[in-house]
Each structure stands twice: as structure tokens, then as C-alpha cells.
file work-v1.cif (mmCIF, N, CA and C atoms)
data_protein
#
loop_
_atom_site.label_atom_id
_atom_site.label_comp_id
_atom_site.auth_asym_id
_atom_site.auth_seq_id
_atom_site.Cartn_x
_atom_site.Cartn_y
_atom_site.Cartn_z
N MET A 1 -2.77 -0.50 -3.82
CA MET A 1 -3.85 -1.00 -2.97
C MET A 1 -5.19 -0.50 -3.49
N ILE A 2 -6.21 -1.28 -3.20
CA ILE A 2 -7.55 -0.94 -3.69
C ILE A 2 -8.13 0.25 -2.94
N LEU A 3 -9.10 0.87 -3.58
CA LEU A 3 -9.82 1.99 -3.01
C LEU A 3 -11.18 1.52 -2.51
N PRO A 4 -11.80 2.26 -1.59
CA PRO A 4 -13.12 1.86 -1.09
C PRO A 4 -14.16 1.64 -2.19
N ILE A 5 -14.17 2.50 -3.22
CA ILE A 5 -15.15 2.33 -4.30
C ILE A 5 -14.89 1.04 -5.06
N GLN A 6 -13.63 0.66 -5.22
CA GLN A 6 -13.31 -0.59 -5.89
C GLN A 6 -13.77 -1.78 -5.06
N CYS A 7 -13.72 -1.65 -3.76
CA CYS A 7 -14.21 -2.71 -2.88
C CYS A 7 -15.69 -2.93 -3.10
N LYS A 8 -16.44 -1.85 -3.16
CA LYS A 8 -17.89 -1.96 -3.39
C LYS A 8 -18.18 -2.56 -4.77
N MET A 9 -17.45 -2.10 -5.77
CA MET A 9 -17.66 -2.62 -7.13
C MET A 9 -17.30 -4.11 -7.21
N ALA A 10 -16.21 -4.49 -6.56
CA ALA A 10 -15.77 -5.88 -6.59
C ALA A 10 -16.78 -6.78 -5.88
N ARG A 11 -17.33 -6.31 -4.76
CA ARG A 11 -18.35 -7.11 -4.08
C ARG A 11 -19.55 -7.35 -4.99
N ALA A 12 -19.95 -6.30 -5.69
CA ALA A 12 -21.08 -6.44 -6.62
C ALA A 12 -20.74 -7.43 -7.75
N ALA A 13 -19.52 -7.34 -8.25
CA ALA A 13 -19.10 -8.20 -9.36
C ALA A 13 -19.14 -9.68 -9.01
N VAL A 14 -18.75 -10.01 -7.79
CA VAL A 14 -18.72 -11.42 -7.38
C VAL A 14 -19.96 -11.83 -6.59
N GLY A 15 -20.85 -10.88 -6.35
CA GLY A 15 -22.10 -11.20 -5.66
C GLY A 15 -21.94 -11.43 -4.17
N TRP A 16 -20.97 -10.76 -3.56
CA TRP A 16 -20.73 -10.92 -2.12
C TRP A 16 -21.36 -9.78 -1.34
N GLY A 17 -21.88 -10.11 -0.20
CA GLY A 17 -22.28 -9.11 0.77
C GLY A 17 -21.08 -8.78 1.66
N VAL A 18 -21.28 -7.85 2.55
CA VAL A 18 -20.21 -7.45 3.47
C VAL A 18 -19.75 -8.65 4.30
N ARG A 19 -20.68 -9.46 4.75
CA ARG A 19 -20.32 -10.63 5.56
C ARG A 19 -19.49 -11.64 4.77
N ASP A 20 -19.83 -11.82 3.49
CA ASP A 20 -19.07 -12.75 2.66
C ASP A 20 -17.62 -12.30 2.52
N LEU A 21 -17.43 -11.01 2.23
CA LEU A 21 -16.08 -10.49 2.09
C LEU A 21 -15.32 -10.61 3.41
N ALA A 22 -15.97 -10.26 4.49
CA ALA A 22 -15.31 -10.35 5.80
C ALA A 22 -14.81 -11.78 6.05
N LYS A 23 -15.64 -12.75 5.75
CA LYS A 23 -15.26 -14.15 5.96
C LYS A 23 -14.09 -14.54 5.05
N GLN A 24 -14.16 -14.17 3.78
CA GLN A 24 -13.12 -14.54 2.83
C GLN A 24 -11.78 -13.88 3.15
N ALA A 25 -11.83 -12.67 3.73
CA ALA A 25 -10.60 -11.93 4.04
C ALA A 25 -10.16 -12.11 5.49
N SER A 26 -10.93 -12.86 6.27
CA SER A 26 -10.63 -13.08 7.69
C SER A 26 -10.52 -11.77 8.46
N VAL A 27 -11.49 -10.89 8.22
CA VAL A 27 -11.60 -9.63 8.96
C VAL A 27 -13.03 -9.52 9.48
N SER A 28 -13.29 -8.52 10.29
CA SER A 28 -14.64 -8.35 10.83
C SER A 28 -15.53 -7.63 9.82
N VAL A 29 -16.82 -7.81 9.98
CA VAL A 29 -17.80 -7.11 9.15
C VAL A 29 -17.64 -5.61 9.33
N ASP A 30 -17.39 -5.18 10.56
CA ASP A 30 -17.19 -3.76 10.84
C ASP A 30 -15.98 -3.21 10.08
N THR A 31 -14.94 -4.01 9.95
CA THR A 31 -13.75 -3.57 9.23
C THR A 31 -14.08 -3.30 7.76
N VAL A 32 -14.83 -4.19 7.14
CA VAL A 32 -15.23 -3.99 5.75
C VAL A 32 -16.07 -2.72 5.63
N SER A 33 -17.03 -2.55 6.51
CA SER A 33 -17.90 -1.37 6.48
C SER A 33 -17.09 -0.09 6.66
N ARG A 34 -16.15 -0.11 7.59
CA ARG A 34 -15.32 1.07 7.82
C ARG A 34 -14.51 1.42 6.57
N PHE A 35 -13.95 0.41 5.92
CA PHE A 35 -13.17 0.66 4.72
C PHE A 35 -14.05 1.26 3.62
N GLU A 36 -15.22 0.69 3.43
CA GLU A 36 -16.10 1.18 2.37
C GLU A 36 -16.63 2.58 2.66
N ARG A 37 -16.63 2.99 3.92
CA ARG A 37 -17.00 4.37 4.27
C ARG A 37 -15.84 5.33 4.08
N GLY A 38 -14.66 4.79 3.78
CA GLY A 38 -13.50 5.63 3.54
C GLY A 38 -12.61 5.85 4.75
N GLU A 39 -12.85 5.11 5.82
CA GLU A 39 -12.00 5.23 7.00
C GLU A 39 -10.66 4.55 6.74
N ASP A 40 -9.63 5.02 7.43
CA ASP A 40 -8.29 4.45 7.27
C ASP A 40 -8.20 3.08 7.93
N LEU A 41 -7.55 2.16 7.23
CA LEU A 41 -7.25 0.84 7.76
C LEU A 41 -5.76 0.60 7.60
N LEU A 42 -5.25 -0.37 8.34
CA LEU A 42 -3.85 -0.76 8.18
C LEU A 42 -3.64 -1.33 6.78
N PRO A 43 -2.50 -1.04 6.17
CA PRO A 43 -2.23 -1.57 4.83
C PRO A 43 -2.41 -3.08 4.73
N ARG A 44 -2.02 -3.81 5.76
CA ARG A 44 -2.15 -5.28 5.68
C ARG A 44 -3.61 -5.72 5.65
N THR A 45 -4.50 -4.93 6.24
CA THR A 45 -5.92 -5.24 6.22
C THR A 45 -6.48 -5.01 4.82
N ILE A 46 -6.09 -3.92 4.20
CA ILE A 46 -6.54 -3.65 2.83
C ILE A 46 -6.00 -4.72 1.89
N GLU A 47 -4.78 -5.15 2.12
CA GLU A 47 -4.19 -6.22 1.31
C GLU A 47 -4.98 -7.52 1.47
N ALA A 48 -5.47 -7.80 2.67
CA ALA A 48 -6.28 -9.00 2.89
C ALA A 48 -7.58 -8.93 2.10
N LEU A 49 -8.19 -7.76 2.06
CA LEU A 49 -9.42 -7.59 1.27
C LEU A 49 -9.12 -7.80 -0.21
N GLN A 50 -8.07 -7.15 -0.69
CA GLN A 50 -7.70 -7.27 -2.10
C GLN A 50 -7.38 -8.72 -2.46
N SER A 51 -6.64 -9.40 -1.62
CA SER A 51 -6.28 -10.80 -1.89
C SER A 51 -7.51 -11.69 -1.97
N ALA A 52 -8.48 -11.46 -1.10
CA ALA A 52 -9.72 -12.25 -1.14
C ALA A 52 -10.42 -12.08 -2.47
N PHE A 53 -10.48 -10.85 -2.95
CA PHE A 53 -11.11 -10.60 -4.25
C PHE A 53 -10.32 -11.22 -5.38
N GLU A 54 -9.01 -11.11 -5.33
CA GLU A 54 -8.19 -11.66 -6.40
C GLU A 54 -8.32 -13.17 -6.47
N ARG A 55 -8.44 -13.84 -5.33
CA ARG A 55 -8.67 -15.29 -5.33
C ARG A 55 -10.00 -15.63 -5.97
N ALA A 56 -10.96 -14.70 -5.91
CA ALA A 56 -12.29 -14.91 -6.50
C ALA A 56 -12.33 -14.51 -7.98
N GLY A 57 -11.19 -14.05 -8.51
CA GLY A 57 -11.12 -13.72 -9.93
C GLY A 57 -11.30 -12.27 -10.29
N VAL A 58 -11.21 -11.38 -9.31
CA VAL A 58 -11.35 -9.95 -9.57
C VAL A 58 -9.99 -9.37 -9.96
N ILE A 59 -10.01 -8.53 -10.98
CA ILE A 59 -8.82 -7.79 -11.41
C ILE A 59 -9.11 -6.32 -11.14
N PHE A 60 -8.18 -5.65 -10.47
CA PHE A 60 -8.35 -4.24 -10.14
C PHE A 60 -7.67 -3.40 -11.21
N VAL A 61 -8.41 -2.41 -11.71
CA VAL A 61 -7.92 -1.53 -12.76
C VAL A 61 -7.63 -0.17 -12.14
N GLU A 62 -6.40 0.29 -12.30
CA GLU A 62 -6.02 1.58 -11.74
C GLU A 62 -6.64 2.70 -12.57
N ALA A 63 -6.73 3.86 -11.95
CA ALA A 63 -7.22 5.04 -12.67
C ALA A 63 -6.31 5.32 -13.84
N ASN A 64 -6.89 5.45 -15.03
CA ASN A 64 -6.11 5.70 -16.24
C ASN A 64 -6.72 6.85 -17.03
N GLY A 65 -7.14 7.86 -16.31
CA GLY A 65 -7.81 8.98 -16.93
C GLY A 65 -9.32 8.88 -16.82
N GLU A 66 -9.82 7.70 -16.58
CA GLU A 66 -11.26 7.46 -16.46
C GLU A 66 -11.69 7.14 -15.05
N GLY A 67 -10.76 6.84 -14.19
CA GLY A 67 -11.10 6.45 -12.82
C GLY A 67 -10.82 4.99 -12.58
N PRO A 68 -10.70 4.59 -11.33
CA PRO A 68 -10.40 3.20 -10.99
C PRO A 68 -11.60 2.31 -11.26
N GLY A 69 -11.34 1.02 -11.40
CA GLY A 69 -12.42 0.08 -11.65
C GLY A 69 -12.04 -1.34 -11.30
N VAL A 70 -12.91 -2.25 -11.68
CA VAL A 70 -12.69 -3.68 -11.48
C VAL A 70 -13.22 -4.43 -12.69
N ARG A 71 -12.72 -5.62 -12.89
CA ARG A 71 -13.28 -6.53 -13.89
C ARG A 71 -13.02 -7.94 -13.43
N LEU A 72 -13.70 -8.87 -14.02
CA LEU A 72 -13.52 -10.28 -13.66
C LEU A 72 -12.59 -10.94 -14.68
N GLN A 73 -11.85 -11.92 -14.19
CA GLN A 73 -10.98 -12.68 -15.08
C GLN A 73 -11.81 -13.34 -16.16
N LYS A 74 -11.24 -13.46 -17.31
CA LYS A 74 -11.91 -14.10 -18.44
C LYS A 74 -12.30 -15.52 -18.07
N GLY A 75 -13.50 -15.90 -18.41
CA GLY A 75 -13.97 -17.25 -18.14
C GLY A 75 -14.74 -17.40 -16.84
N LEU A 76 -14.89 -16.34 -16.09
CA LEU A 76 -15.67 -16.43 -14.83
C LEU A 76 -17.09 -16.02 -15.06
#

call {"tool": "encode", "arguments": {"input": "work-v1.cif", "output": "C-alpha cells"}}
result
Amino acid sequence: MILPIQCKMARAAVGWGVRDLAKQASVSVDTVSRFERGEDLLPRTIEALQSAFERAGVIFVEANGEGPGVRLQKGL
């Protein structure tokens, strides 16, 4: 599952604000804000956020000695 910092990076990568992500993931704006502040959410809620980003072409990179990250699919 994604981390709060990856959520922020992914929003920047696709040019979404908190409201955009909330709409795409069918969650509340407050839910997105809480997650990005590091508060605990239900796993299914985090999965909804991740799925919204993946549909937009975001690839999540796990920590591999350098830290977690994001990138966009080739061609976007």
C-alpha cells in the first residue's frame, strides 16, 4: 500500500489537488487530508486512493535503499 508521502508526490505528478483525488477515489476531501497528515485509514480506503492514481498512470516505487517514490507510465 502507498505511503502518505507517495500520495502527495503522486498528486503533484498528475496535477491533482486534494479535491480531485477525493473525487477520483470516491472518498471525502477530509479523508485525503487525514491520510496525507499520516493518520491511520482503513486499508480499503488507502487502496481506493492507490487505484485512482494507478488509473491515472501513476506507478508506485517501493523503498529500495533510496526511499519510496512515484513515476508516471511511459507515454503520459

call {"tool": "residues_around", "arguments": {"input": "work-v1.cif", "residues": "stretch 16-25 of chain A", "least_positions_apart": "5", "cutoff": "7 Å", "atoms": "all atoms listed in the file", "output": "number ranges by chain"}}
result
A: 10-11, 32-33, 48-49, 51-53

call {"tool": "atom_distance", "arguments": {"input": "work-v1.cif", "atom1": "atom CA of A:Phe60", "atom2": "atom CA of A:Pro4"}}
result
11.9 Å

call {"tool": "select_by_dssp", "arguments": {"input": "work-v1.cif", "residues": "chain A", "states": "strand (DSSP E or B)", "output": "ChimeraX atom specification"}}
result
/A:58-61,69-72

call {"tool": "residues_near_point", "arguments": {"input": "work-v1.cif", "point": "(-3.8, -10.0, -7.1)", "cutoff": "12 Å", "atoms": "only C-alpha atoms", "output": "mmCIF file with N, CA and C atoms, in the frame of the given file"}}
result
data_model
loop_
_atom_site.group_PDB
_atom_site.id
_atom_site.type_symbol
_atom_site.label_atom_id
_atom_site.label_comp_id
_atom_site.auth_asym_id
_atom_site.auth_seq_id
_atom_site.Cartn_x
_atom_site.Cartn_y
_atom_site.Cartn_z
ATOM 1 N N MET A 1 -2.770 -0.500 -3.820
ATOM 2 C CA MET A 1 -3.850 -1.000 -2.970
ATOM 3 C C MET A 1 -5.190 -0.500 -3.490
ATOM 4 N N ILE A 2 -6.210 -1.280 -3.200
ATOM 5 C CA ILE A 2 -7.550 -0.940 -3.690
ATOM 6 C C ILE A 2 -8.130 0.250 -2.940
ATOM 7 N N GLU A 47 -4.780 -5.150 2.120
ATOM 8 C CA GLU A 47 -4.190 -6.220 1.310
ATOM 9 C C GLU A 47 -4.980 -7.520 1.470
ATOM 10 N N ALA A 48 -5.470 -7.800 2.670
ATOM 11 C CA ALA A 48 -6.280 -9.000 2.890
ATOM 12 C C ALA A 48 -7.580 -8.930 2.100
ATOM 13 N N LEU A 49 -8.190 -7.760 2.060
ATOM 14 C CA LEU A 49 -9.420 -7.590 1.270
ATOM 15 C C LEU A 49 -9.120 -7.800 -0.210
ATOM 16 N N GLN A 50 -8.070 -7.150 -0.690
ATOM 17 C CA GLN A 50 -7.700 -7.270 -2.100
ATOM 18 C C GLN A 50 -7.380 -8.720 -2.460
ATOM 19 N N SER A 51 -6.640 -9.400 -1.620
ATOM 20 C CA SER A 51 -6.280 -10.800 -1.890
ATOM 21 C C SER A 51 -7.510 -11.690 -1.970
ATOM 22 N N ALA A 52 -8.480 -11.460 -1.100
ATOM 23 C CA ALA A 52 -9.720 -12.250 -1.140
ATOM 24 C C ALA A 52 -10.420 -12.080 -2.470
ATOM 25 N N PHE A 53 -10.480 -10.850 -2.950
ATOM 26 C CA PHE A 53 -11.110 -10.600 -4.250
ATOM 27 C C PHE A 53 -10.320 -11.220 -5.380
ATOM 28 N N GLU A 54 -9.010 -11.110 -5.330
ATOM 29 C CA GLU A 54 -8.190 -11.660 -6.400
ATOM 30 C C GLU A 54 -8.320 -13.170 -6.470
ATOM 31 N N ARG A 55 -8.440 -13.840 -5.330
ATOM 32 C CA ARG A 55 -8.670 -15.290 -5.330
ATOM 33 C C ARG A 55 -10.000 -15.630 -5.970
ATOM 34 N N ALA A 56 -10.960 -14.700 -5.910
ATOM 35 C CA ALA A 56 -12.290 -14.910 -6.500
ATOM 36 C C ALA A 56 -12.330 -14.510 -7.980
ATOM 37 N N GLY A 57 -11.190 -14.050 -8.510
ATOM 38 C CA GLY A 57 -11.120 -13.720 -9.930
ATOM 39 C C GLY A 57 -11.300 -12.270 -10.290
ATOM 40 N N VAL A 58 -11.210 -11.380 -9.310
ATOM 41 C CA VAL A 58 -11.350 -9.950 -9.570
ATOM 42 C C VAL A 58 -9.990 -9.370 -9.960
ATOM 43 N N ILE A 59 -10.010 -8.530 -10.980
ATOM 44 C CA ILE A 59 -8.820 -7.790 -11.410
ATOM 45 C C ILE A 59 -9.110 -6.320 -11.140
ATOM 46 N N PHE A 60 -8.180 -5.650 -10.470
ATOM 47 C CA PHE A 60 -8.350 -4.240 -10.140
ATOM 48 C C PHE A 60 -7.670 -3.400 -11.210
ATOM 49 N N VAL A 61 -8.410 -2.410 -11.710
ATOM 50 C CA VAL A 61 -7.920 -1.530 -12.760
ATOM 51 C C VAL A 61 -7.630 -0.170 -12.140
ATOM 52 N N VAL A 70 -12.910 -2.250 -11.680
ATOM 53 C CA VAL A 70 -12.690 -3.680 -11.480
ATOM 54 C C VAL A 70 -13.220 -4.430 -12.690
ATOM 55 N N LEU A 72 -13.700 -8.870 -14.020
ATOM 56 C CA LEU A 72 -13.520 -10.280 -13.660
ATOM 57 C C LEU A 72 -12.590 -10.940 -14.680
ATOM 58 N N GLN A 73 -11.850 -11.920 -14.190
ATOM 59 C CA GLN A 73 -10.980 -12.680 -15.080
ATOM 60 C C GLN A 73 -11.810 -13.340 -16.160
#

call {"tool": "atom_distance", "arguments": {"input": "work-v1.cif", "atom1": "atom CA of A:Glu62", "atom2": "atom CA of A:Gly38"}}
result
17.5 Å

call {"tool": "resolve_selection", "arguments": {"input": "work-v1.cif", "expression": "the PyMOL selection byres (((chain A and resi 31 and name CA) around 10) and name CA)", "output": "ChimeraX atom specification"}}
result
/A:18,22,27-30,32-37,39-41,45-46,49

call {"tool": "atom_distance", "arguments": {"input": "work-v1.cif", "atom1": "atom N of A:Gln6", "atom2": "atom CA of A:Pro68"}}
result
7.1 Å

call {"tool": "closest_residue", "arguments": {"input": "work-v1.cif", "among": "A:Gly69, A:Asn64, A:Lys74, A:Pro43", "to": "A:Ile5", "atoms": "all atoms listed in the file"}}
result
A:Gly69

call {"tool": "select_by_dssp", "arguments": {"input": "work-v1.cif", "residues": "chain A", "states": "helix (DSSP H, G or I)", "output": "VMD selection string"}}
result
chain A and resid 4 to 14 18 to 25 29 to 36 43 to 55

call {"tool": "decode", "arguments": {"input": "work-v1.cif", "residues": "stretch 7-32 of chain A", "atoms": "N, CA and C atoms", "output": "mmCIF file, in the first residue's frame"}}
result
data_model
loop_
_atom_site.group_PDB
_atom_site.id
_atom_site.type_symbol
_atom_site.label_atom_id
_atom_site.label_comp_id
_atom_site.auth_asym_id
_atom_site.auth_seq_id
_atom_site.Cartn_x
_atom_site.Cartn_y
_atom_site.Cartn_z
ATOM 1 N N CYS A 7 1.459 9.657 -1.753
ATOM 2 C CA CYS A 7 0.190 10.271 -2.140
ATOM 3 C C CYS A 7 0.420 11.714 -2.568
ATOM 4 N N LYS A 8 1.191 12.438 -1.785
ATOM 5 C CA LYS A 8 1.494 13.834 -2.121
ATOM 6 C C LYS A 8 2.278 13.927 -3.431
ATOM 7 N N MET A 9 3.266 13.056 -3.583
ATOM 8 C CA MET A 9 4.072 13.068 -4.809
ATOM 9 C C MET A 9 3.220 12.714 -6.029
ATOM 10 N N ALA A 10 2.347 11.735 -5.873
ATOM 11 C CA ALA A 10 1.501 11.308 -6.989
ATOM 12 C C ALA A 10 0.532 12.417 -7.386
ATOM 13 N N ARG A 11 -0.022 13.120 -6.395
ATOM 14 C CA ARG A 11 -0.916 14.236 -6.735
ATOM 15 C C ARG A 11 -0.180 15.288 -7.545
ATOM 16 N N ALA A 12 1.049 15.576 -7.138
ATOM 17 C CA ALA A 12 1.846 16.560 -7.876
ATOM 18 C C ALA A 12 2.132 16.066 -9.303
ATOM 19 N N ALA A 13 2.441 14.785 -9.430
ATOM 20 C CA ALA A 13 2.780 14.222 -10.736
ATOM 21 C C ALA A 13 1.631 14.317 -11.732
ATOM 22 N N VAL A 14 0.414 14.114 -11.264
ATOM 23 C CA VAL A 14 -0.743 14.157 -12.174
ATOM 24 C C VAL A 14 -1.464 15.496 -12.142
ATOM 25 N N GLY A 15 -0.990 16.409 -11.302
ATOM 26 C CA GLY A 15 -1.581 17.747 -11.255
ATOM 27 C C GLY A 15 -2.928 17.804 -10.564
ATOM 28 N N TRP A 16 -3.145 16.935 -9.594
ATOM 29 C CA TRP A 16 -4.417 16.902 -8.871
ATOM 30 C C TRP A 16 -4.298 17.629 -7.544
ATOM 31 N N GLY A 17 -5.346 18.314 -7.184
ATOM 32 C CA GLY A 17 -5.488 18.838 -5.845
ATOM 33 C C GLY A 17 -6.151 17.783 -4.969
ATOM 34 N N VAL A 18 -6.304 18.099 -3.711
ATOM 35 C CA VAL A 18 -6.939 17.175 -2.775
ATOM 36 C C VAL A 18 -8.361 16.848 -3.224
ATOM 37 N N ARG A 19 -9.078 17.842 -3.699
ATOM 38 C CA ARG A 19 -10.461 17.611 -4.150
ATOM 39 C C ARG A 19 -10.516 16.681 -5.358
ATOM 40 N N ASP A 20 -9.556 16.838 -6.268
ATOM 41 C CA ASP A 20 -9.522 15.969 -7.449
ATOM 42 C C ASP A 20 -9.327 14.515 -7.049
ATOM 43 N N LEU A 21 -8.366 14.276 -6.166
ATOM 44 C CA LEU A 21 -8.119 12.911 -5.714
ATOM 45 C C LEU A 21 -9.333 12.351 -4.988
ATOM 46 N N ALA A 22 -9.923 13.148 -4.128
ATOM 47 C CA ALA A 22 -11.102 12.690 -3.392
ATOM 48 C C ALA A 22 -12.197 12.239 -4.360
ATOM 49 N N LYS A 23 -12.418 13.029 -5.388
ATOM 50 C CA LYS A 23 -13.455 12.689 -6.372
ATOM 51 C C LYS A 23 -13.100 11.406 -7.125
ATOM 52 N N GLN A 24 -11.858 11.293 -7.570
ATOM 53 C CA GLN A 24 -11.440 10.121 -8.337
ATOM 54 C C GLN A 24 -11.473 8.838 -7.509
ATOM 55 N N ALA A 25 -11.222 8.962 -6.197
ATOM 56 C CA ALA A 25 -11.188 7.789 -5.318
ATOM 57 C C ALA A 25 -12.511 7.558 -4.595
ATOM 58 N N SER A 26 -13.480 8.445 -4.805
ATOM 59 C CA SER A 26 -14.786 8.354 -4.134
ATOM 60 C C SER A 26 -14.652 8.346 -2.615
ATOM 61 N N VAL A 27 -13.822 9.269 -2.119
ATOM 62 C CA VAL A 27 -13.667 9.471 -0.684
ATOM 63 C C VAL A 27 -13.839 10.959 -0.402
ATOM 64 N N SER A 28 -13.880 11.327 0.858
ATOM 65 C CA SER A 28 -14.043 12.737 1.199
ATOM 66 C C SER A 28 -12.705 13.466 1.134
ATOM 67 N N VAL A 29 -12.776 14.773 0.975
ATOM 68 C CA VAL A 29 -11.583 15.615 0.986
ATOM 69 C C VAL A 29 -10.868 15.467 2.324
ATOM 70 N N ASP A 30 -11.634 15.398 3.400
ATOM 71 C CA ASP A 30 -11.047 15.228 4.730
ATOM 72 C C ASP A 30 -10.271 13.919 4.833
ATOM 73 N N THR A 31 -10.759 12.873 4.188
ATOM 74 C CA THR A 31 -10.071 11.583 4.216
ATOM 75 C C THR A 31 -8.700 11.698 3.563
ATOM 76 N N VAL A 32 -8.631 12.361 2.422
ATOM 77 C CA VAL A 32 -7.348 12.553 1.741
ATOM 78 C C VAL A 32 -6.406 13.355 2.639
#
